[in-house]
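Shown next, in structure tokens, is the structure this report addresses.
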Amino acid sequence: MASKTPGIFNFGGDLSLFIQCITNRDAITLRRYAKACIDVLYPHAIGFHLPLTTISLVQGDALGGGFEAALASDIIIAEHNAQMGFPEVLFNLFPGMGAYNLLQRRVGMLRTEKMLLNGKLYSAKQLHEEGVVDILAENGRGENAVYEYILRQSARRNAHEAILRVRRKLQAVSYEQLLEVVEVWINTALQITPREIRMMDRLMKAQGRNSQQVIRSPFASRHR
């Protein structure tokens, strides 16, 4: 899993939809949206019940649901300029489609909760030191790092796949638990105040401006 947009891995959830649903008290649409996210994330998080290794290549910002998506992979490879974090707490919400389940497998419960509640953006180097990022790559060398990793593991593929199977069994991600967390997320979202909705709107517009700047840049036009 990777992005074709330079500088952006994934900005996360559809904030405009969140704002609309929260304003209209539309729990049904929020639930439908969240379940659709889980239906994509869950098979990836369990390796599609296949003997394979999933890899996220993060070459830019991975925020909120985008960070969740990266965490669903067995291996995270990130370039130095990548940043990851959960900004949801800035508008009094939390990432509810798998972040807790997936992050705590890598850093434990207490560190997970701190990262979910502080709203900070972390550099790839910081996350590599904490064990969230498996491989740190030089800028522009992320794809090379993916292929180098595949070549290194090919000689020990049998043992490597066995370890991943053990990880998935002992630190299993349950679809039912993900749905239960979604209900907490919906109830929390519906308690957001107009002031916090305005903050969410400002973040959405800032992300939109950043996206347009990337799309208009000469570098992006050469690599789209």
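Going by the structure tokens order, chains are called A, B, ..., each with residues numbered from 1, while ligands are numbered from 1 in the order shown.
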Original post:
Hey, what's within 9 Å of Ala145 of chain A if we count only C-alpha atoms and toss same-chain stuff fewer than 5 positions away? As a count of residues only, please?
Top reply: 6
Original post:
Which residues, written as number ranges by chain, have at least one atom at most 12 Å from Glu180 of chain A, with only C-alpha atoms counted and residues fewer than 2 positions away on the same chain left out?
Top reply: A: 31, 34-35, 38, 96-98, 101, 174-178, 182-187
**OP:** Just list the residues in segment 35-159 of chain A DSSP gives strand (DSSP E or B) on the backbone, as number ranges by chain.
**Re:** A: 55-58, 60-63, 75-79, 83-85, 121-123, 135-137
Expected file contents, prior selection, C-alpha atoms, as a short mmCIF file (atom, residue, chain, number, x, y, z; two decimals), in the first residue's frame:
data_model
loop_
_atom_site.label_atom_id
_atom_site.label_comp_id
_atom_site.auth_asym_id
_atom_site.auth_seq_id
_atom_site.Cartn_x
_atom_site.Cartn_y
_atom_site.Cartn_z
CA ILE A 55 3.58 -3.67 3.45
CA SER A 56 2.74 0.01 3.82
CA LEU A 57 5.14 2.43 2.14
CA VAL A 58 4.67 5.86 3.73
CA GLY A 60 4.36 11.61 3.15
CA ASP A 61 1.80 12.60 5.77
CA ALA A 62 -0.40 9.83 7.19
CA LEU A 63 -3.06 11.36 9.42
CA ILE A 75 5.44 -4.03 7.82
CA ILE A 76 5.66 -0.23 7.70
CA ILE A 77 8.44 1.30 5.63
CA ALA A 78 8.63 5.10 5.85
CA GLU A 79 10.85 7.74 4.32
CA GLN A 83 4.90 12.36 9.38
CA MET A 84 2.17 10.40 11.13
CA GLY A 85 -0.30 11.16 13.87
CA LEU A 121 2.52 14.62 14.55
CA TYR A 122 5.49 12.25 14.78
CA SER A 123 8.37 12.04 12.35
CA ILE A 135 12.23 0.32 8.27
CA LEU A 136 13.38 3.92 7.87
CA ALA A 137 14.35 4.86 4.32
#
Subject >> Atomic separation - atom CA of Gly13 of chain A relative to atom CA of Arg32 of chain A, Å >> reply: 13.3 Å
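In terms of minimum interatomic distance to Pro87 of chain A, A:Leu117 ranks closest within A:Leu117, A:Ile22, A:Ala172, A:Ala124, counting only C-alpha atoms.
Atom CA of Gln171 of chain A lies 16.2 Å from atom CA of Leu110 of chain A.
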**OP:** Report as a ChimeraX atom specification: the residues of segment 21-212 of chain A with a DSSP assignment of alpha helix (DSSP H), based on the backbone of this structure.
**Re:** /A:21-24,27-45,65-71,99-107,109-118,124-130,142-154,157-170,175-189,194-212
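The closest residue to Gly64 of chain A, picked from A:Ala99, A:Leu203, A:Leu90, A:Leu30 and counting only C-alpha atoms, is A:Ala99.
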Original post:
So which one's closest to Glu129 of chain A, A:Asn144, A:Arg25, A:Val107, A:Leu50? Using only C-alpha atoms, please.
Top reply: A:Val107
**OP:** Mind giving me the straight-line distance from atom CA of Glu88 of chain A to atom CA of Arg167 of chain A in Å, one decimal?
**Re:** 28.4 Å
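With only C-alpha atoms as the atoms that count, the minimum distance from His160 of chain A to the choices A:Thr53, A:Gln207, A:Asn139, A:Ser73 is reached by A:Thr53.
All residues of protein, DNA or RNA that reach within 12 Å of Ile197 of chain A, judged by only C-alpha atoms and not counting those fewer than 3 positions away in the chain, are Leu15, Ser16, Leu17, Phe18, Ile19, Gln20, Cys21, Ile22, Thr23, Glu88, Leu90, Phe91, Asn92, Leu93, Ala189, Leu190, Gln191, Ile192, Thr193, Pro194, Met200, Asp201, Arg202, Leu203 and Met204 of chain A.
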Original post:
Smallest atom-to-atom distance to Ala69 of chain A: which of A:Gly12, A:Gly140, A:Pro51, A:Gly108, using only C-alpha atoms?
Top reply: A:Gly12
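Using only C-alpha atoms, the shortest contact distance between Val89 of chain A and any of A:Glu143, A:Glu68, A:Glu196, A:Glu130 is found at A:Glu196.
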